[in-house]
Amino acid sequence: MHLSTHNWMRAEPLELTLKRIKRLGFESIEISGEPKQFPSKDSRELLKKYGIRCWGSVTLTLGQRNLAAKDPAQRAATVAYMKSVAQFIHELEGQEMTIVPATVGKVVPDGTPEEEWAWVVAGLQEIYDFTEKHGIRIALEPLNRFETYFLNRADQAVALAKAVGKNCGVCLDVFHMNIEEKDMLAAVRLVGPLLTDVHVAENNRLAPGMGSIDWKAFVATLRAVGYKGALTMEAVPPVDRTPVSPWPNQIEKNPVDISPEQLKFIQDHGSSLLSEEFYTFIYETASATLLPLVR
């Protein structure tokens, strides 16, 4: 196992992210699924410069991106977007693609359970055919009920993966598991060899080491099922605007360029623009907590 990270949680140049994680013992990155924002040629050069490899990417299933949409054109556009992310991963020599099938934040269905399951399976199978040809393994990620109605638990993700194809995998996110799973360690054992990616954050979505998760037991269970992939940092800190905030320098006072869509995505996840000082602090905490466990 090794440490990895997403880079959607703070609007900053990719080079700044890579410089930080290299210093802290991270080995790879799961680049945000926005190929136009991170051109593969430029990204490859930066990855090589800092000795960080691309683990893969995660679909940013926001706006009209939705494999469970009633509108066939919307589903087709979503498939095309996800294929573009797969191509992006291929160009960066990554090996996995985390997929959230339905729009993040959408909690009202478009159709019957049977209709939506069929739509999602069909879309994923088309993407799966593409990723299999490029040596990329899909990892289906359940989210908590407040972010999606479609896929919330490990057993659901296993069923969906099996419906898609024999090499389709599952991604588990500790924050979401803490909400939806009766027993997180049992969920890991249930997924077993299908486990393709793991996202890490505390029960409060702060960095590992800043909450109540037993990381020693969790990592030991990952080892027991034979998982050898990344622990991908995905802390999304709540912004404390009260007088009792323990982090007086948490909020970014001079934000860099950020698109309205990206800002909304961050805010919809209960966070906001974070200062580099605080963001670095949470990465230092994650590294201190997890690095001794994965070595």
# chains A, B, ... in the order shown; residues from 1 in each chain; ligands from 1
>>> residues_around(residues="Leu140 of chain A", least_positions_apart="2", cutoff="10 Å", atoms="only C-alpha atoms", output="ChimeraX atom specification")
/A:58,97-101,124,137-138,142-143,151,154,156-158,160-161,168-172,194-197
>>> closest_atom_pairs(of="segment 109-205 of chain A", to="segment 72-78 of chain A", cutoff="9 Å", atoms="only C-alpha atoms", output="CSV")
residue,atom,partner,partner_atom,distance
A:Trp119,CA,A:Arg75,CA,8.0
A:Val120,CA,A:Arg75,CA,8.5
A:Gly123,CA,A:Arg75,CA,7.3
>>> write_last_selection(atoms="N, CA and C atoms", output="compact mmCIF listing (two decimals), in the first residue's frame")
# COMPACT_ATOMS: atom_id res chain seq x y z
N TRP A 119 -30.19 1.52 -16.76
CA TRP A 119 -29.49 2.64 -17.41
C TRP A 119 -28.03 2.70 -16.96
N VAL A 120 -27.82 2.58 -15.66
CA VAL A 120 -26.46 2.68 -15.13
C VAL A 120 -25.60 1.51 -15.60
N GLY A 123 -24.62 2.01 -19.26
CA GLY A 123 -23.60 3.04 -19.41
C GLY A 123 -22.24 2.57 -18.93
>>> residues_around(residues="segment 13-20 of chain A", least_positions_apart="6", cutoff="12 Å", atoms="only C-alpha atoms", output="MDAnalysis selection string")
chainID A and resid 4:7 26:32 37:40 42:54 255:258 276:277 279:284 287
>>> select_by_dssp(residues="segment 14-256 of chain A", states="strand (DSSP E)", output="number ranges by chain")
A: 28-32, 53-58, 96-99, 137-140, 169-173, 195-200, 230-233
>>> write_last_selection(atoms="N, CA and C atoms", output="short mmCIF file (atom, residue, chain, number, x, y, z; two decimals), in the first residue's frame")
data_model
loop_
_atom_site.label_atom_id
_atom_site.label_comp_id
_atom_site.auth_asym_id
_atom_site.auth_seq_id
_atom_site.Cartn_x
_atom_site.Cartn_y
_atom_site.Cartn_z
N SER A 28 1.67 8.83 -5.10
CA SER A 28 0.87 8.97 -6.32
C SER A 28 -0.23 10.00 -6.12
N ILE A 29 -0.96 10.25 -7.20
CA ILE A 29 -2.09 11.18 -7.16
C ILE A 29 -3.23 10.62 -8.00
N GLU A 30 -4.44 10.85 -7.52
CA GLU A 30 -5.66 10.51 -8.25
C GLU A 30 -6.22 11.83 -8.77
N ILE A 31 -5.80 12.20 -9.98
CA ILE A 31 -6.07 13.53 -10.51
C ILE A 31 -7.57 13.71 -10.79
N SER A 32 -8.06 14.91 -10.48
CA SER A 32 -9.46 15.23 -10.73
C SER A 32 -9.82 14.93 -12.19
N ARG A 53 3.65 9.30 -9.36
CA ARG A 53 2.96 8.63 -10.46
C ARG A 53 1.46 8.89 -10.40
N CYS A 54 0.82 8.73 -11.52
CA CYS A 54 -0.64 8.85 -11.58
C CYS A 54 -1.23 7.51 -11.16
N TRP A 55 -1.98 7.50 -10.05
CA TRP A 55 -2.69 6.30 -9.62
C TRP A 55 -3.94 6.12 -10.49
N GLY A 56 -4.58 7.22 -10.80
CA GLY A 56 -5.78 7.19 -11.62
C GLY A 56 -6.49 8.52 -11.57
N SER A 57 -7.81 8.46 -11.67
CA SER A 57 -8.61 9.67 -11.62
C SER A 57 -9.99 9.32 -11.08
N VAL A 58 -10.73 10.36 -10.69
CA VAL A 58 -12.09 10.17 -10.18
C VAL A 58 -13.03 11.04 -11.00
N GLU A 96 -6.35 3.03 -12.46
CA GLU A 96 -7.73 2.87 -11.98
C GLU A 96 -8.54 4.12 -12.26
N MET A 97 -9.86 3.92 -12.30
CA MET A 97 -10.79 5.03 -12.56
C MET A 97 -11.96 4.90 -11.60
N THR A 98 -12.01 5.78 -10.64
CA THR A 98 -13.11 5.77 -9.68
C THR A 98 -14.33 6.44 -10.29
N ILE A 99 -15.46 5.74 -10.25
CA ILE A 99 -16.69 6.27 -10.85
C ILE A 99 -17.78 6.39 -9.80
N ARG A 137 -8.71 -0.26 -14.53
CA ARG A 137 -9.77 -0.95 -13.79
C ARG A 137 -10.74 0.06 -13.19
N ILE A 138 -12.01 -0.12 -13.46
CA ILE A 138 -13.05 0.72 -12.88
C ILE A 138 -13.23 0.39 -11.40
N ALA A 139 -13.45 1.44 -10.59
CA ALA A 139 -13.76 1.27 -9.17
C ALA A 139 -15.03 2.06 -8.87
N LEU A 140 -16.12 1.35 -8.60
CA LEU A 140 -17.41 1.99 -8.34
C LEU A 140 -17.47 2.43 -6.88
N GLY A 169 -14.31 -3.21 -10.47
CA GLY A 169 -14.01 -3.20 -9.05
C GLY A 169 -14.84 -2.22 -8.27
N VAL A 170 -14.45 -2.06 -7.00
CA VAL A 170 -15.17 -1.21 -6.05
C VAL A 170 -14.17 -0.29 -5.36
N CYS A 171 -14.58 0.93 -5.12
CA CYS A 171 -13.82 1.88 -4.31
C CYS A 171 -14.58 2.11 -3.00
N LEU A 172 -13.89 2.01 -1.89
CA LEU A 172 -14.48 2.30 -0.59
C LEU A 172 -13.93 3.61 -0.04
N ASP A 173 -14.82 4.44 0.48
CA ASP A 173 -14.45 5.73 1.07
C ASP A 173 -14.81 5.67 2.55
N LEU A 195 -11.81 -4.96 -4.32
CA LEU A 195 -11.36 -3.66 -3.81
C LEU A 195 -10.25 -3.12 -4.70
N THR A 196 -10.50 -1.98 -5.31
CA THR A 196 -9.60 -1.41 -6.31
C THR A 196 -9.02 -0.07 -5.88
N ASP A 197 -9.71 0.63 -5.00
CA ASP A 197 -9.27 1.95 -4.54
C ASP A 197 -9.87 2.20 -3.18
N VAL A 198 -9.16 2.98 -2.35
CA VAL A 198 -9.64 3.33 -1.02
C VAL A 198 -9.41 4.82 -0.79
N HIS A 199 -10.48 5.54 -0.44
CA HIS A 199 -10.39 6.96 -0.13
C HIS A 199 -10.43 7.14 1.38
N VAL A 200 -9.56 8.00 1.90
CA VAL A 200 -9.42 8.11 3.35
C VAL A 200 -9.70 9.53 3.85
N ALA A 230 -3.66 2.14 -3.31
CA ALA A 230 -3.47 3.44 -2.68
C ALA A 230 -4.47 3.69 -1.56
N LEU A 231 -4.03 4.46 -0.58
CA LEU A 231 -4.93 5.12 0.36
C LEU A 231 -4.96 6.58 -0.08
N THR A 232 -6.06 6.96 -0.70
CA THR A 232 -6.14 8.27 -1.35
C THR A 232 -6.79 9.29 -0.44
N MET A 233 -6.02 10.28 -0.04
CA MET A 233 -6.47 11.33 0.86
C MET A 233 -7.62 12.13 0.22
#
>>> residues_around(residues="Ile179 of chain A", least_positions_apart="2", cutoff="8 Å", atoms="only C-alpha atoms", output="VMD selection string")
chain A and resid 144 175 to 177 181 203
>>> closest_residue(among="A:Ala286, A:Leu274, A:Ala118, A:Ala186", to="Glu234 of chain A", atoms="only C-alpha atoms")
A:Ala286
>>> atom_distance(atom1="atom CA of Pro35 of chain A", atom2="atom CA of Ser271 of chain A")
23.5 Å
>>> atom_distance(atom1="atom CA of Arg145 of chain A", atom2="atom CA of Val225 of chain A")
26.5 Å
>>> select_by_dssp(residues="segment 6-246 of chain A", states="alpha helix (DSSP H)", output="ChimeraX atom specification")
/A:14-23,40-50,72-91,113-133,154-164,174-180,184-191,215-224
>>> decode(residues="segment 123-158 of chain A", atoms="N, CA and C atoms", output="PDB file, in the first residue's frame")
ATOM      1  N   GLY A 123     -24.619   2.008 -19.260  1.00  0.00           N
ATOM      2  CA  GLY A 123     -23.597   3.038 -19.412  1.00  0.00           C
ATOM      3  C   GLY A 123     -22.235   2.570 -18.926  1.00  0.00           C
ATOM      4  N   LEU A 124     -22.231   1.916 -17.775  1.00  0.00           N
ATOM      5  CA  LEU A 124     -20.968   1.424 -17.225  1.00  0.00           C
ATOM      6  C   LEU A 124     -20.351   0.347 -18.103  1.00  0.00           C
ATOM      7  N   GLN A 125     -21.173  -0.488 -18.707  1.00  0.00           N
ATOM      8  CA  GLN A 125     -20.635  -1.532 -19.585  1.00  0.00           C
ATOM      9  C   GLN A 125     -19.956  -0.931 -20.808  1.00  0.00           C
ATOM     10  N   GLU A 126     -20.511   0.152 -21.320  1.00  0.00           N
ATOM     11  CA  GLU A 126     -19.869   0.820 -22.453  1.00  0.00           C
ATOM     12  C   GLU A 126     -18.517   1.406 -22.033  1.00  0.00           C
ATOM     13  N   ILE A 127     -18.485   2.012 -20.862  1.00  0.00           N
ATOM     14  CA  ILE A 127     -17.224   2.562 -20.345  1.00  0.00           C
ATOM     15  C   ILE A 127     -16.243   1.434 -20.037  1.00  0.00           C
ATOM     16  N   TYR A 128     -16.745   0.359 -19.460  1.00  0.00           N
ATOM     17  CA  TYR A 128     -15.930  -0.804 -19.106  1.00  0.00           C
ATOM     18  C   TYR A 128     -15.239  -1.390 -20.335  1.00  0.00           C
ATOM     19  N   ASP A 129     -15.954  -1.484 -21.442  1.00  0.00           N
ATOM     20  CA  ASP A 129     -15.347  -1.992 -22.675  1.00  0.00           C
ATOM     21  C   ASP A 129     -14.156  -1.130 -23.085  1.00  0.00           C
ATOM     22  N   PHE A 130     -14.288   0.171 -22.881  1.00  0.00           N
ATOM     23  CA  PHE A 130     -13.223   1.112 -23.229  1.00  0.00           C
ATOM     24  C   PHE A 130     -12.045   0.979 -22.262  1.00  0.00           C
ATOM     25  N   THR A 131     -12.327   0.941 -20.956  1.00  0.00           N
ATOM     26  CA  THR A 131     -11.240   0.897 -19.967  1.00  0.00           C
ATOM     27  C   THR A 131     -10.486  -0.431 -20.020  1.00  0.00           C
ATOM     28  N   GLU A 132     -11.184  -1.525 -20.285  1.00  0.00           N
ATOM     29  CA  GLU A 132     -10.522  -2.826 -20.360  1.00  0.00           C
ATOM     30  C   GLU A 132      -9.490  -2.852 -21.488  1.00  0.00           C
ATOM     31  N   LYS A 133      -9.792  -2.205 -22.584  1.00  0.00           N
ATOM     32  CA  LYS A 133      -8.857  -2.164 -23.715  1.00  0.00           C
ATOM     33  C   LYS A 133      -7.616  -1.344 -23.388  1.00  0.00           C
ATOM     34  N   HIS A 134      -7.730  -0.463 -22.396  1.00  0.00           N
ATOM     35  CA  HIS A 134      -6.610   0.418 -22.042  1.00  0.00           C
ATOM     36  C   HIS A 134      -5.946   0.020 -20.721  1.00  0.00           C
ATOM     37  N   GLY A 135      -6.298  -1.134 -20.180  1.00  0.00           N
ATOM     38  CA  GLY A 135      -5.644  -1.605 -18.967  1.00  0.00           C
ATOM     39  C   GLY A 135      -5.973  -0.805 -17.729  1.00  0.00           C
ATOM     40  N   ILE A 136      -7.185  -0.243 -17.690  1.00  0.00           N
ATOM     41  CA  ILE A 136      -7.622   0.565 -16.546  1.00  0.00           C
ATOM     42  C   ILE A 136      -8.766  -0.166 -15.851  1.00  0.00           C
ATOM     43  N   ARG A 137      -8.710  -0.264 -14.527  1.00  0.00           N
ATOM     44  CA  ARG A 137      -9.770  -0.946 -13.792  1.00  0.00           C
ATOM     45  C   ARG A 137     -10.738   0.061 -13.189  1.00  0.00           C
ATOM     46  N   ILE A 138     -12.006  -0.123 -13.456  1.00  0.00           N
ATOM     47  CA  ILE A 138     -13.045   0.719 -12.881  1.00  0.00           C
ATOM     48  C   ILE A 138     -13.225   0.394 -11.403  1.00  0.00           C
ATOM     49  N   ALA A 139     -13.448   1.442 -10.592  1.00  0.00           N
ATOM     50  CA  ALA A 139     -13.757   1.275  -9.172  1.00  0.00           C
ATOM     51  C   ALA A 139     -15.027   2.058  -8.868  1.00  0.00           C
ATOM     52  N   LEU A 140     -16.118   1.350  -8.598  1.00  0.00           N
ATOM     53  CA  LEU A 140     -17.411   1.993  -8.337  1.00  0.00           C
ATOM     54  C   LEU A 140     -17.471   2.431  -6.879  1.00  0.00           C
ATOM     55  N   GLU A 141     -17.795   3.705  -6.658  1.00  0.00           N
ATOM     56  CA  GLU A 141     -17.732   4.264  -5.303  1.00  0.00           C
ATOM     57  C   GLU A 141     -19.114   4.576  -4.730  1.00  0.00           C
ATOM     58  N   PRO A 142     -19.492   3.950  -3.622  1.00  0.00           N
ATOM     59  CA  PRO A 142     -20.713   4.348  -2.914  1.00  0.00           C
ATOM     60  C   PRO A 142     -20.475   5.649  -2.140  1.00  0.00           C
ATOM     61  N   LEU A 143     -21.490   6.508  -2.115  1.00  0.00           N
ATOM     62  CA  LEU A 143     -21.467   7.724  -1.309  1.00  0.00           C
ATOM     63  C   LEU A 143     -22.587   7.648  -0.275  1.00  0.00           C
ATOM     64  N   ASN A 144     -22.537   8.523   0.699  1.00  0.00           N
ATOM     65  CA  ASN A 144     -23.588   8.504   1.725  1.00  0.00           C
ATOM     66  C   ASN A 144     -24.914   9.031   1.173  1.00  0.00           C
ATOM     67  N   ARG A 145     -25.978   8.758   1.888  1.00  0.00           N
ATOM     68  CA  ARG A 145     -27.349   9.040   1.433  1.00  0.00           C
ATOM     69  C   ARG A 145     -27.626  10.522   1.209  1.00  0.00           C
ATOM     70  N   PHE A 146     -26.820  11.399   1.811  1.00  0.00           N
ATOM     71  CA  PHE A 146     -27.034  12.833   1.650  1.00  0.00           C
ATOM     72  C   PHE A 146     -26.394  13.364   0.368  1.00  0.00           C
ATOM     73  N   GLU A 147     -25.601  12.521  -0.308  1.00  0.00           N
ATOM     74  CA  GLU A 147     -24.949  12.924  -1.549  1.00  0.00           C
ATOM     75  C   GLU A 147     -25.472  12.175  -2.767  1.00  0.00           C
ATOM     76  N   THR A 148     -26.077  11.010  -2.548  1.00  0.00           N
ATOM     77  CA  THR A 148     -26.692  10.278  -3.647  1.00  0.00           C
ATOM     78  C   THR A 148     -27.699   9.284  -3.096  1.00  0.00           C
ATOM     79  N   TYR A 149     -28.730   9.015  -3.891  1.00  0.00           N
ATOM     80  CA  TYR A 149     -29.701   7.997  -3.508  1.00  0.00           C
ATOM     81  C   TYR A 149     -29.354   6.662  -4.154  1.00  0.00           C
ATOM     82  N   PHE A 150     -28.434   6.657  -5.117  1.00  0.00           N
ATOM     83  CA  PHE A 150     -28.283   5.497  -5.983  1.00  0.00           C
ATOM     84  C   PHE A 150     -27.383   4.398  -5.421  1.00  0.00           C
ATOM     85  N   LEU A 151     -26.232   4.757  -4.888  1.00  0.00           N
ATOM     86  CA  LEU A 151     -25.246   3.761  -4.468  1.00  0.00           C
ATOM     87  C   LEU A 151     -24.649   4.211  -3.141  1.00  0.00           C
ATOM     88  N   ASN A 152     -25.003   3.520  -2.045  1.00  0.00           N
ATOM     89  CA  ASN A 152     -24.609   3.961  -0.710  1.00  0.00           C
ATOM     90  C   ASN A 152     -23.745   2.977   0.072  1.00  0.00           C
ATOM     91  N   ARG A 153     -23.813   1.671  -0.252  1.00  0.00           N
ATOM     92  CA  ARG A 153     -23.144   0.670   0.571  1.00  0.00           C
ATOM     93  C   ARG A 153     -22.252  -0.257  -0.262  1.00  0.00           C
ATOM     94  N   ALA A 154     -21.359  -0.933   0.444  1.00  0.00           N
ATOM     95  CA  ALA A 154     -20.437  -1.854  -0.211  1.00  0.00           C
ATOM     96  C   ALA A 154     -21.161  -2.988  -0.925  1.00  0.00           C
ATOM     97  N   ASP A 155     -22.190  -3.547  -0.299  1.00  0.00           N
ATOM     98  CA  ASP A 155     -22.877  -4.675  -0.938  1.00  0.00           C
ATOM     99  C   ASP A 155     -23.567  -4.258  -2.230  1.00  0.00           C
ATOM    100  N   GLN A 156     -24.073  -3.024  -2.268  1.00  0.00           N
ATOM    101  CA  GLN A 156     -24.679  -2.514  -3.493  1.00  0.00           C
ATOM    102  C   GLN A 156     -23.620  -2.357  -4.590  1.00  0.00           C
ATOM    103  N   ALA A 157     -22.448  -1.839  -4.201  1.00  0.00           N
ATOM    104  CA  ALA A 157     -21.370  -1.637  -5.172  1.00  0.00           C
ATOM    105  C   ALA A 157     -20.870  -2.965  -5.722  1.00  0.00           C
ATOM    106  N   VAL A 158     -20.809  -3.992  -4.875  1.00  0.00           N
ATOM    107  CA  VAL A 158     -20.395  -5.320  -5.325  1.00  0.00           C
ATOM    108  C   VAL A 158     -21.393  -5.861  -6.349  1.00  0.00           C
TER     109      VAL A 158
END
